[in-house]
Amino acid sequence: MKTITIIIRSLIGFLLLFVSVGFFLKLMPEPVNTSAFKAFDVGLVPATYLMPIAKFVEFLCGLSFVLIVM
């Protein structure tokens with residue numbers, strides 16, 4: 001059971017790391033916004049600091065999942 005927990009934590013951690021590093025290095029194209037989310041995204045455009053902070057926290061969470069072993 002402990003090995004399954006370590007495997008799942010590592011997979012989630014690598015996923016979080018991949019997505020956050022991809023955001024900072026512009027590895028993935030931005031998705032096309034539609035309908036209700038487009039209005040939300042238009043509101044986020046002036047707040048240029050919000051997404052980098054969220055992705056930095058995501059990066060830290062990914063590191064903690066990968067590096068901290070039970």
# chains A, B, ... in the order shown; residues from 1 in each chain; ligands from 1
$ select_by_dssp --residues "chain A" --states "alpha helix (DSSP H)" --output "MDAnalysis selection string"
chainID A and resid 2:24 35:44 50:67
$ residues_around --residues "A:Leu17" --least-positions-apart "4" --cutoff "8 Å" --atoms "only C-alpha atoms" --output "ChimeraX atom specification"
/A:13,21,58-59,62-63
$ atom_distance --atom1 "atom CA of A:Gly43" --atom2 "atom CA of A:Lys55"
17.9 Å
$ atom_distance --atom1 "atom CA of A:Met28" --atom2 "atom CA of A:Leu16"
14.0 Å
$ atom_distance --atom1 "atom CA of A:Pro31" --atom2 "atom CA of A:Pro52"
16.7 Å
$ closest_residue --among "A:Ile68, A:Cys61, A:Leu50, A:Val45" --to "A:Leu15" --atoms "only C-alpha atoms"
A:Cys61
$ closest_residue --among "A:Phe56, A:Lys2, A:Ser35, A:Arg9" --to "A:Gly22" --atoms "only C-alpha atoms"
A:Phe56
$ closest_residue --among "A:Pro29, A:Phe23, A:Thr34, A:Val66" --to "A:Ile53" --atoms "only C-alpha atoms"
A:Phe23
